[in-house]
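Undergrad: This one is structure-v3.txt, compact mmCIF, C-alpha atoms and all ligand atoms.
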```
# COMPACT_ATOMS: atom_id res chain seq x y z
CA MET W 1 -3.09 183.88 -163.55
CA SER W 2 -6.40 185.66 -164.04
CA GLU W 3 -8.91 184.12 -166.39
CA MET W 4 -11.59 186.19 -168.10
CA LEU W 5 -15.04 184.68 -167.59
CA LEU W 6 -17.18 187.40 -169.04
CA ARG W 7 -16.50 190.42 -171.20
CA CYS W 8 -19.22 192.83 -172.10
CA GLN W 9 -18.33 195.68 -174.48
CA GLY W 10 -20.45 198.63 -175.59
CA VAL W 11 -23.71 196.85 -174.81
CA THR W 12 -26.83 198.76 -175.77
CA ARG W 13 -30.35 197.50 -175.12
CA HIS W 14 -33.52 199.40 -175.75
CA PHE W 15 -37.14 198.34 -175.95
CA ASN W 16 -39.64 199.62 -178.47
CA LEU W 17 -43.06 200.40 -177.06
CA ALA W 18 -45.50 201.70 -179.67
CA ALA W 19 -43.75 204.76 -181.12
CA ASP W 20 -41.44 205.13 -178.13
CA GLU W 21 -37.97 203.74 -177.70
CA VAL W 22 -37.05 202.98 -174.07
CA PRO W 23 -33.26 203.06 -173.72
CA VAL W 24 -32.06 200.86 -170.83
CA LEU W 25 -28.39 199.96 -171.42
CA ARG W 26 -26.31 202.57 -173.26
CA GLY W 27 -22.87 201.32 -174.25
CA LEU W 28 -22.17 199.36 -171.08
CA ASP W 29 -18.80 197.66 -170.38
CA LEU W 30 -18.03 195.00 -167.76
CA GLU W 31 -15.33 192.39 -167.25
CA VAL W 32 -15.49 189.52 -164.76
CA GLN W 33 -12.46 187.37 -163.94
CA LYS W 34 -12.60 183.84 -162.57
CA GLY W 35 -13.57 183.83 -158.88
CA GLU W 36 -14.56 187.53 -158.80
CA GLN W 37 -17.69 188.60 -156.94
CA ILE W 38 -19.39 191.69 -158.34
CA ALA W 39 -22.39 193.59 -156.99
CA ILE W 40 -24.66 195.64 -159.26
CA LEU W 41 -26.64 198.27 -157.40
CA GLY W 42 -29.14 200.63 -158.96
CA ALA W 43 -32.55 202.20 -158.58
CA SER W 44 -35.65 200.22 -159.46
CA GLY W 45 -36.02 200.29 -163.25
CA SER W 46 -32.37 201.18 -163.86
CA GLY W 47 -31.88 197.98 -165.90
CA LYS W 48 -30.25 195.46 -163.55
CA SER W 49 -32.44 192.53 -164.66
CA THR W 50 -32.07 193.55 -168.30
CA LEU W 51 -28.29 193.51 -167.85
CA LEU W 52 -28.28 190.07 -166.20
CA HIS W 53 -30.48 188.69 -169.00
CA VAL W 54 -28.05 190.03 -171.62
CA LEU W 55 -25.02 188.70 -169.70
CA GLY W 56 -26.62 185.26 -169.42
CA GLY W 57 -27.57 185.10 -173.11
CA LEU W 58 -31.30 185.12 -172.26
CA ASP W 59 -31.67 188.35 -174.21
CA ARG W 60 -29.57 189.82 -177.02
CA PRO W 61 -28.18 193.36 -177.02
CA ASN W 62 -29.12 195.77 -179.83
CA GLU W 63 -25.46 196.71 -180.11
CA GLY W 64 -22.21 195.62 -178.50
CA GLN W 65 -20.82 192.23 -177.62
CA VAL W 66 -20.89 189.72 -174.80
CA SER W 67 -18.27 186.97 -174.52
CA LEU W 68 -18.73 184.12 -172.09
CA CYS W 69 -15.77 181.86 -171.30
CA GLY W 70 -14.00 183.10 -174.43
CA GLN W 71 -16.98 182.63 -176.77
CA ASN W 72 -18.58 185.65 -178.41
CA LEU W 73 -22.36 185.18 -178.15
CA THR W 74 -23.11 187.44 -181.12
CA GLY W 75 -22.63 184.85 -183.85
CA LEU W 76 -24.19 181.95 -181.95
CA SER W 77 -27.67 180.52 -182.48
CA ASP W 78 -30.14 180.39 -179.56
CA ARG W 79 -29.49 176.66 -179.26
CA GLN W 80 -25.71 177.16 -179.08
CA ILE W 81 -26.16 179.88 -176.46
CA GLY W 82 -28.44 177.51 -174.53
CA ARG W 83 -25.74 174.85 -174.48
CA LEU W 84 -23.11 177.38 -173.35
CA ARG W 85 -25.48 178.61 -170.64
CA ASN W 86 -26.13 175.07 -169.36
CA ARG W 87 -22.42 174.32 -169.26
CA HIS W 88 -21.12 177.53 -167.68
CA LEU W 89 -23.86 179.48 -165.91
CA GLY W 90 -25.99 179.19 -162.80
CA PHE W 91 -28.96 181.50 -162.15
CA VAL W 92 -30.62 182.53 -158.89
CA TYR W 93 -33.68 184.77 -159.02
CA GLN W 94 -35.68 186.72 -156.46
CA PHE W 95 -38.40 184.05 -156.71
CA HIS W 96 -37.19 180.49 -156.36
CA HIS W 97 -38.81 179.11 -159.58
CA LEU W 98 -38.67 175.56 -158.22
CA LEU W 99 -41.08 173.11 -159.86
CA ALA W 100 -44.00 172.63 -157.46
CA GLU W 101 -44.64 168.96 -158.28
CA PHE W 102 -41.03 167.93 -157.71
CA SER W 103 -39.19 167.35 -154.44
CA ALA W 104 -36.19 169.49 -153.47
CA LEU W 105 -33.94 166.61 -154.55
CA GLU W 106 -35.65 166.23 -157.94
CA ASN W 107 -35.49 170.00 -158.51
CA VAL W 108 -31.75 170.08 -157.82
CA MET W 109 -31.16 166.96 -159.96
CA LEU W 110 -32.90 168.57 -162.95
CA PRO W 111 -29.96 170.62 -164.35
CA LEU W 112 -27.77 167.52 -164.03
CA SER W 113 -30.31 165.42 -165.94
CA ILE W 114 -30.42 168.11 -168.65
CA ALA W 115 -26.61 167.89 -168.79
CA ARG W 116 -27.10 164.09 -169.23
CA ILE W 117 -25.31 163.14 -166.04
CA ASP W 118 -26.03 159.58 -164.98
CA SER W 119 -28.99 159.53 -162.54
CA VAL W 120 -27.13 157.77 -159.71
CA LEU W 121 -24.33 160.34 -159.83
CA ALA W 122 -26.87 163.17 -160.26
CA CYS W 123 -28.73 161.99 -157.15
CA GLN W 124 -25.47 161.84 -155.17
CA ARG W 125 -24.35 165.32 -156.26
CA ALA W 126 -27.77 166.88 -155.68
CA THR W 127 -27.93 165.32 -152.21
CA GLU W 128 -24.45 166.67 -151.34
CA MET W 129 -25.45 170.12 -152.60
CA LEU W 130 -28.66 170.14 -150.56
CA GLU W 131 -26.68 169.03 -147.51
CA ALA W 132 -24.23 171.91 -148.15
CA VAL W 133 -27.12 174.42 -148.00
CA GLY W 134 -28.47 172.80 -144.83
CA LEU W 135 -31.39 170.93 -146.41
CA GLY W 136 -30.14 167.39 -145.85
CA GLN W 137 -33.31 166.71 -143.83
CA ARG W 138 -35.62 168.18 -146.49
CA LEU W 139 -34.63 166.18 -149.60
CA HIS W 140 -38.11 164.81 -150.26
CA HIS W 141 -40.10 167.91 -149.39
CA ARG W 142 -41.85 169.72 -152.22
CA PRO W 143 -41.45 173.50 -152.50
CA GLY W 144 -44.87 174.01 -150.87
CA GLU W 145 -43.60 172.09 -147.83
CA LEU W 146 -40.52 174.31 -147.39
CA SER W 147 -40.16 177.74 -145.77
CA GLY W 148 -39.30 180.77 -147.94
CA GLY W 149 -35.66 180.67 -146.88
CA GLU W 150 -35.47 176.91 -147.44
CA ARG W 151 -36.91 177.31 -150.95
CA GLN W 152 -34.33 179.93 -151.77
CA ARG W 153 -31.55 177.71 -150.39
CA ALA W 154 -32.82 174.89 -152.66
CA ALA W 155 -32.71 177.37 -155.57
CA VAL W 156 -29.08 178.17 -154.67
CA ALA W 157 -28.29 174.43 -154.61
CA ARG W 158 -29.92 174.04 -158.04
CA ALA W 159 -27.85 176.93 -159.46
CA LEU W 160 -24.56 175.60 -158.13
CA VAL W 161 -24.99 171.84 -158.54
CA THR W 162 -23.57 171.89 -162.09
CA ARG W 163 -20.46 173.70 -160.76
CA PRO W 164 -20.93 176.67 -163.10
CA SER W 165 -18.07 179.03 -163.97
CA LEU W 166 -20.29 182.04 -163.30
CA VAL W 167 -23.41 182.57 -161.19
CA LEU W 168 -25.83 185.36 -162.14
CA ALA W 169 -28.07 186.32 -159.24
CA ASP W 170 -30.96 188.78 -159.55
CA GLU W 171 -31.84 190.07 -156.06
CA PRO W 172 -31.63 186.53 -154.67
CA THR W 173 -32.45 187.67 -151.14
CA GLY W 174 -34.98 190.39 -152.04
CA ASN W 175 -37.92 188.35 -150.78
CA LEU W 176 -36.48 187.26 -147.45
CA ASP W 177 -36.37 188.75 -143.96
CA ARG W 178 -33.05 190.28 -142.89
CA GLN W 179 -31.65 187.31 -141.01
CA THR W 180 -32.64 184.75 -143.65
CA ALA W 181 -31.33 187.07 -146.38
CA TRP W 182 -27.89 187.16 -144.72
CA HIS W 183 -27.88 183.41 -144.32
CA VAL W 184 -28.75 182.78 -147.99
CA PHE W 185 -26.29 185.45 -149.12
CA GLU W 186 -23.45 183.93 -147.03
CA LEU W 187 -24.24 180.54 -148.57
CA ILE W 188 -24.02 181.94 -152.10
CA LEU W 189 -20.70 183.65 -151.31
CA SER W 190 -19.10 180.69 -149.56
CA LEU W 191 -20.24 178.04 -152.06
CA ASN W 192 -19.15 180.30 -154.91
CA ARG W 193 -15.72 180.71 -153.33
CA ARG W 194 -15.43 177.00 -152.64
CA GLN W 195 -16.17 176.22 -156.30
CA GLY W 196 -13.97 179.10 -157.58
CA ALA W 197 -16.89 180.49 -159.60
CA GLY W 198 -17.52 184.13 -160.49
CA LEU W 199 -20.62 185.92 -159.22
CA VAL W 200 -22.55 188.89 -160.58
CA MET W 201 -25.36 189.83 -158.22
CA ALA W 202 -27.98 192.56 -158.58
CA THR W 203 -29.06 193.87 -155.21
CA HIS W 204 -30.62 196.88 -153.49
CA ASP W 205 -28.70 196.05 -150.33
CA LEU W 206 -25.52 198.13 -149.79
CA GLU W 207 -24.47 196.07 -146.78
CA LEU W 208 -24.49 192.84 -148.82
CA ALA W 209 -22.74 194.59 -151.71
CA ASP W 210 -19.97 195.66 -149.33
CA ARG W 211 -19.05 192.03 -148.79
CA MET W 212 -18.23 191.54 -152.46
CA ASP W 213 -15.00 192.24 -154.40
CA ARG W 214 -16.33 195.08 -156.57
CA ARG W 215 -19.43 197.26 -156.59
CA TYR W 216 -21.04 199.17 -159.43
CA ARG W 217 -24.08 201.39 -159.68
CA LEU W 218 -26.13 201.03 -162.86
CA GLU W 219 -27.11 204.57 -163.77
CA ASP W 220 -28.12 206.13 -167.09
CA GLY W 221 -27.47 202.80 -168.79
CA VAL W 222 -23.80 202.41 -167.78
CA LEU W 223 -21.93 201.03 -164.77
CA ARG W 224 -20.17 203.43 -162.42
CA ALA W 225 -17.63 201.93 -160.02
CA LEU W 226 -18.37 202.60 -156.33
N1 LIG L 301 -39.59 193.58 -172.43
C1 LIG L 301 -39.62 194.89 -172.13
N2 LIG L 301 -40.35 195.76 -172.88
C2 LIG L 301 -40.38 197.06 -172.58
N3 LIG L 301 -39.71 197.65 -171.55
C3 LIG L 301 -38.99 196.82 -170.76
C4 LIG L 301 -38.91 195.41 -171.00
N4 LIG L 301 -38.11 194.87 -170.06
C5 LIG L 301 -37.71 195.89 -169.25
N5 LIG L 301 -38.24 197.07 -169.68
C6 LIG L 301 -38.02 198.39 -169.09
O1 LIG L 301 -36.64 198.52 -168.88
C7 LIG L 301 -36.36 199.21 -167.68
C8 LIG L 301 -35.40 198.40 -166.81
O2 LIG L 301 -36.07 197.26 -166.31
P1 LIG L 301 -35.32 196.20 -165.37
O3 LIG L 301 -36.31 195.16 -164.99
O4 LIG L 301 -34.09 195.75 -166.08
O5 LIG L 301 -34.91 197.12 -164.13
P2 LIG L 301 -34.34 196.70 -162.68
O6 LIG L 301 -33.21 197.62 -162.39
O7 LIG L 301 -34.03 195.24 -162.65
O8 LIG L 301 -35.57 197.03 -161.75
P3 LIG L 301 -35.99 196.42 -160.29
O9 LIG L 301 -34.89 196.78 -159.34
O10 LIG L 301 -37.27 197.14 -160.01
O11 LIG L 301 -36.18 194.93 -160.47
C9 LIG L 301 -37.71 199.47 -167.01
O12 LIG L 301 -38.06 200.82 -167.26
C10 LIG L 301 -38.65 198.53 -167.71
O13 LIG L 301 -39.94 199.04 -167.80
```
Please express the file's structure as structure tokens.
TA:
Amino acid sequence: MSEMLLRCQGVTRHFNLAADEVPVLRGLDLEVQKGEQIAILGASGSGKSTLLHVLGGLDRPNEGQVSLCGQNLTGLSDRQIGRLRNRHLGFVYQFHHLLAEFSALENVMLPLSIARIDSVLACQRATEMLEAVGLGQRLHHRPGELSGGERQRAAVARALVTRPSLVLADEPTGNLDRQTAWHVFELILSLNRRQGAGLVMATHDLELADRMDRRYRLEDGVLRAL
């Protein structure tokens, strides 16, 4: 039976700059079922990052509603949304955002520590996750001692180590060369499938988007199915 992970209805988001209103999302709808992999394409500035922020509860829409795992975010406080986000979501960005002073292992353990998982178990799960992304030999390297592709793989491990229901990825391979991009992308897809999580990924890359279950173009503030 299908299970709705995310429902986004009539979402509007605009920004006010001086006297101007910049409309970005204009009554946008999207539904994501458990295990579905969805690509969001769109020109630069079309609002892909804005959409992912709204979907992940990092930003609130001006109008419309977002429900995550059956919970409507509208009535929730920032703290409640934060808890929901920690429990259900994983994020991967174009830049890895790993903490420079921490090793790969410590970076991947961090979301587990925040979720108050016992440190021995957290260390075991983070190690397994880093092994799954091919970094079993790099556990104690700091981000500065990893290659660009390795850093992004560590960021993928960090996003998935909590076994989120839904992963939101904002051009996760945008900074990588073609071959490394494919490798990181395949890792995201296969780990996501293995964990049965949903995936919403913003990308400029049509070839990557073709590997996913559904594709949309964000245009004039709404999603058009491709
Ligand atoms: N905080 C903000 N204040 C004002 N305008 C903003 C703000 N955030 C985003 N915008 C505007 O909203 C529009 C969409 O931005 P967004 O970053 O969502 O686009 P994008 O599709 O992710 O672009 P790219 O592919 O280049 O990353 C842009 O015109 C941007 O200038």
Undergrad: Can you pull out the residues contacting Thr203 (chain W)? Cut-off 9 Å, using all atoms listed in the file, and skip same-chain residues under 2 positions away; I want them as a PDB file with C-alpha atoms, keeping the file's coordinate frame.
TA:
```pdb
ATOM      1  CA  ALA W  39     -22.390 193.590-156.990  1.00  0.00           C
ATOM      2  CA  ILE W  40     -24.660 195.640-159.260  1.00  0.00           C
ATOM      3  CA  LEU W  41     -26.640 198.270-157.400  1.00  0.00           C
ATOM      4  CA  GLY W  42     -29.140 200.630-158.960  1.00  0.00           C
ATOM      5  CA  LYS W  48     -30.250 195.460-163.550  1.00  0.00           C
ATOM      6  CA  ALA W 169     -28.070 186.320-159.240  1.00  0.00           C
ATOM      7  CA  ASP W 170     -30.960 188.780-159.550  1.00  0.00           C
ATOM      8  CA  GLU W 171     -31.840 190.070-156.060  1.00  0.00           C
ATOM      9  CA  PRO W 172     -31.630 186.530-154.670  1.00  0.00           C
ATOM     10  CA  THR W 173     -32.450 187.670-151.140  1.00  0.00           C
ATOM     11  CA  GLY W 174     -34.980 190.390-152.040  1.00  0.00           C
ATOM     12  CA  MET W 201     -25.360 189.830-158.220  1.00  0.00           C
ATOM     13  CA  ASP W 205     -28.700 196.050-150.330  1.00  0.00           C
ATOM     14  CA  LEU W 206     -25.520 198.130-149.790  1.00  0.00           C
ATOM     15  CA  LEU W 208     -24.490 192.840-148.820  1.00  0.00           C
ATOM     16  CA  ALA W 209     -22.740 194.590-151.710  1.00  0.00           C
TER      17      ALA W 209
END
```
Undergrad: With only C-alpha atoms and all ligand atoms as the atoms that count, which of W:Asp59, W:Glu145, W:Glu31, W:Glu106 lies nearest to ligand LIG 301 (chain L)?
TA: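 Comparing W:Asp59, W:Glu145, W:Glu31, W:Glu106 against ligand LIG 301 (chain L), the winner is W:Asp59.
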Undergrad: Give me, as a list of chain:residue names, the set of residues whose atoms come within 8 Å of any atom of ligand LIG 301 (chain L), counting all atoms listed in the file.
TA: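 Using all atoms listed in the file, I find these residues within 8 Å of ligand LIG 301 (chain L): W:His14, W:Phe15, W:Asn16, W:Leu17, W:Val22, W:Pro23, W:Val24, W:Gly42, W:Ala43, W:Ser44, W:Gly45, W:Ser46, W:Gly47, W:Lys48, W:Ser49, W:Thr50, W:Leu51, W:Asp170, W:Glu171, W:Ala202, W:Thr203, W:His204, W:Leu218.
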Undergrad: Between W:Asp29, W:Asp20, W:Glu3, W:Glu131, which is the closest to Leu223 (chain W) once you count all atoms listed in the file?
TA: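 The answer is W:Asp29, which sits nearest to Leu223 (chain W).
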Undergrad: Compute the distance from (-8.5, 183.6, -161.9) to each atom, counting only C-alpha atoms, keep the residues with any atom at most 9 Å away, and return them as an MDAnalysis selection string; use the coordinates of the file.
TA: chainID W and resid 1:5 33:36 196
Undergrad: Pick out the closest residue to Leu6 (chain W) from this set: W:Gln195, W:Gln71, W:Asn62, W:Ser190. Count all atoms listed in the file.
TA: W:Gln71
Undergrad: Can you measure CA of Asn86 (chain W) to CA of Leu112 (chain W) for me? One decimal in Å is fine.
TA: 9.4 Å
Undergrad: Using only C-alpha atoms, which of W:Arg7, W:His183, W:Arg13, W:Val167 sits nearest Asn72 (chain W)?
TA: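 Ranked by minimum distance to Asn72 (chain W), first place goes to W:Arg7.
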Undergrad: Give me the residues near Arg193 (chain W) as a PyMOL selection string, where near means some atom within 12 Å (using only C-alpha atoms) and where sequence neighbours in that chain fewer than 6 positions away do not count.
TA: chain W and resi 34-37+160+163-167+186-187+199+212-213
Undergrad: Keeping C-alpha atoms, export the residues of the selection given above as a PDB file, in the coordinates of the input.
TA:
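Output file selection.pdb is given in full below:
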```
ATOM      1  CA  LYS W  34     -12.600 183.840-162.570  1.00  0.00           C
ATOM      2  CA  GLY W  35     -13.570 183.830-158.880  1.00  0.00           C
ATOM      3  CA  GLU W  36     -14.560 187.530-158.800  1.00  0.00           C
ATOM      4  CA  GLN W  37     -17.690 188.600-156.940  1.00  0.00           C
ATOM      5  CA  LEU W 160     -24.560 175.600-158.130  1.00  0.00           C
ATOM      6  CA  ARG W 163     -20.460 173.700-160.760  1.00  0.00           C
ATOM      7  CA  PRO W 164     -20.930 176.670-163.100  1.00  0.00           C
ATOM      8  CA  SER W 165     -18.070 179.030-163.970  1.00  0.00           C
ATOM      9  CA  LEU W 166     -20.290 182.040-163.300  1.00  0.00           C
ATOM     10  CA  VAL W 167     -23.410 182.570-161.190  1.00  0.00           C
ATOM     11  CA  GLU W 186     -23.450 183.930-147.030  1.00  0.00           C
ATOM     12  CA  LEU W 187     -24.240 180.540-148.570  1.00  0.00           C
ATOM     13  CA  LEU W 199     -20.620 185.920-159.220  1.00  0.00           C
ATOM     14  CA  MET W 212     -18.230 191.540-152.460  1.00  0.00           C
ATOM     15  CA  ASP W 213     -15.000 192.240-154.400  1.00  0.00           C
TER      16      ASP W 213
END
```
Undergrad: Please identify all polymer residues within 7 Å of Val11 (chain W), counting only C-alpha atoms, omitting same-chain residues fewer than 3 positions from it, and present them as a list of chain:residue names.
TA: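 Here the answer would be W:Cys8, W:Leu25, W:Arg26, W:Gly27, W:Leu28, W:Asp29, W:Pro61, W:Glu63, W:Gly64, W:Gln65.
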Undergrad: Around the point (-25.7, 182.1, -172.9), in the coordinates given by the file, pick out the residues reaching within 10 Å, counting only C-alpha atoms, and return them as an mmCIF file with C-alpha atoms, in the frame of the given file.
TA:
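For reference, result-v4.cif as written:
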```cif
data_model
loop_
_atom_site.group_PDB
_atom_site.id
_atom_site.type_symbol
_atom_site.label_atom_id
_atom_site.label_comp_id
_atom_site.auth_asym_id
_atom_site.auth_seq_id
_atom_site.Cartn_x
_atom_site.Cartn_y
_atom_site.Cartn_z
ATOM 1 C CA HIS W 53 -30.480 188.690 -169.000
ATOM 2 C CA VAL W 54 -28.050 190.030 -171.620
ATOM 3 C CA LEU W 55 -25.020 188.700 -169.700
ATOM 4 C CA GLY W 56 -26.620 185.260 -169.420
ATOM 5 C CA GLY W 57 -27.570 185.100 -173.110
ATOM 6 C CA LEU W 58 -31.300 185.120 -172.260
ATOM 7 C CA ASP W 59 -31.670 188.350 -174.210
ATOM 8 C CA ARG W 60 -29.570 189.820 -177.020
ATOM 9 C CA VAL W 66 -20.890 189.720 -174.800
ATOM 10 C CA SER W 67 -18.270 186.970 -174.520
ATOM 11 C CA LEU W 68 -18.730 184.120 -172.090
ATOM 12 C CA GLN W 71 -16.980 182.630 -176.770
ATOM 13 C CA ASN W 72 -18.580 185.650 -178.410
ATOM 14 C CA LEU W 73 -22.360 185.180 -178.150
ATOM 15 C CA LEU W 76 -24.190 181.950 -181.950
ATOM 16 C CA SER W 77 -27.670 180.520 -182.480
ATOM 17 C CA ASP W 78 -30.140 180.390 -179.560
ATOM 18 C CA ARG W 79 -29.490 176.660 -179.260
ATOM 19 C CA GLN W 80 -25.710 177.160 -179.080
ATOM 20 C CA ILE W 81 -26.160 179.880 -176.460
ATOM 21 C CA GLY W 82 -28.440 177.510 -174.530
ATOM 22 C CA ARG W 83 -25.740 174.850 -174.480
ATOM 23 C CA LEU W 84 -23.110 177.380 -173.350
ATOM 24 C CA ARG W 85 -25.480 178.610 -170.640
ATOM 25 C CA ASN W 86 -26.130 175.070 -169.360
ATOM 26 C CA ARG W 87 -22.420 174.320 -169.260
ATOM 27 C CA HIS W 88 -21.120 177.530 -167.680
ATOM 28 C CA LEU W 89 -23.860 179.480 -165.910
#
```
Undergrad: May I ask for the distance between CA of Leu146 (chain W) and CA of Val161 (chain W), given in Å to one decimal place?
TA: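 Computing the Euclidean distance for CA of Leu146 (chain W) and CA of Val161 (chain W) yields 19.3 Å.
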Undergrad: Using all atoms listed in the file, which of the listed residues (W:Val92, W:Ala159, W:Leu168, W:Val133) sits closest to Met109 (chain W)?
TA: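 Selected residue with least distance to Met109 (chain W): W:Ala159.
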Undergrad: How many Å separate CA of Ala181 (chain W) from CA of Thr162 (chain W)?
TA: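 Computing it gives 23.2 Å between the two atoms.
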Undergrad: Could you check the closest approach to Phe185 (chain W) for each of W:His96, W:Arg138, W:Arg211, W:Arg158 and tell me which residue wins, using all atoms listed in the file?
TA: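 Answer, going by the shortest atom-to-atom distance: W:Arg211.
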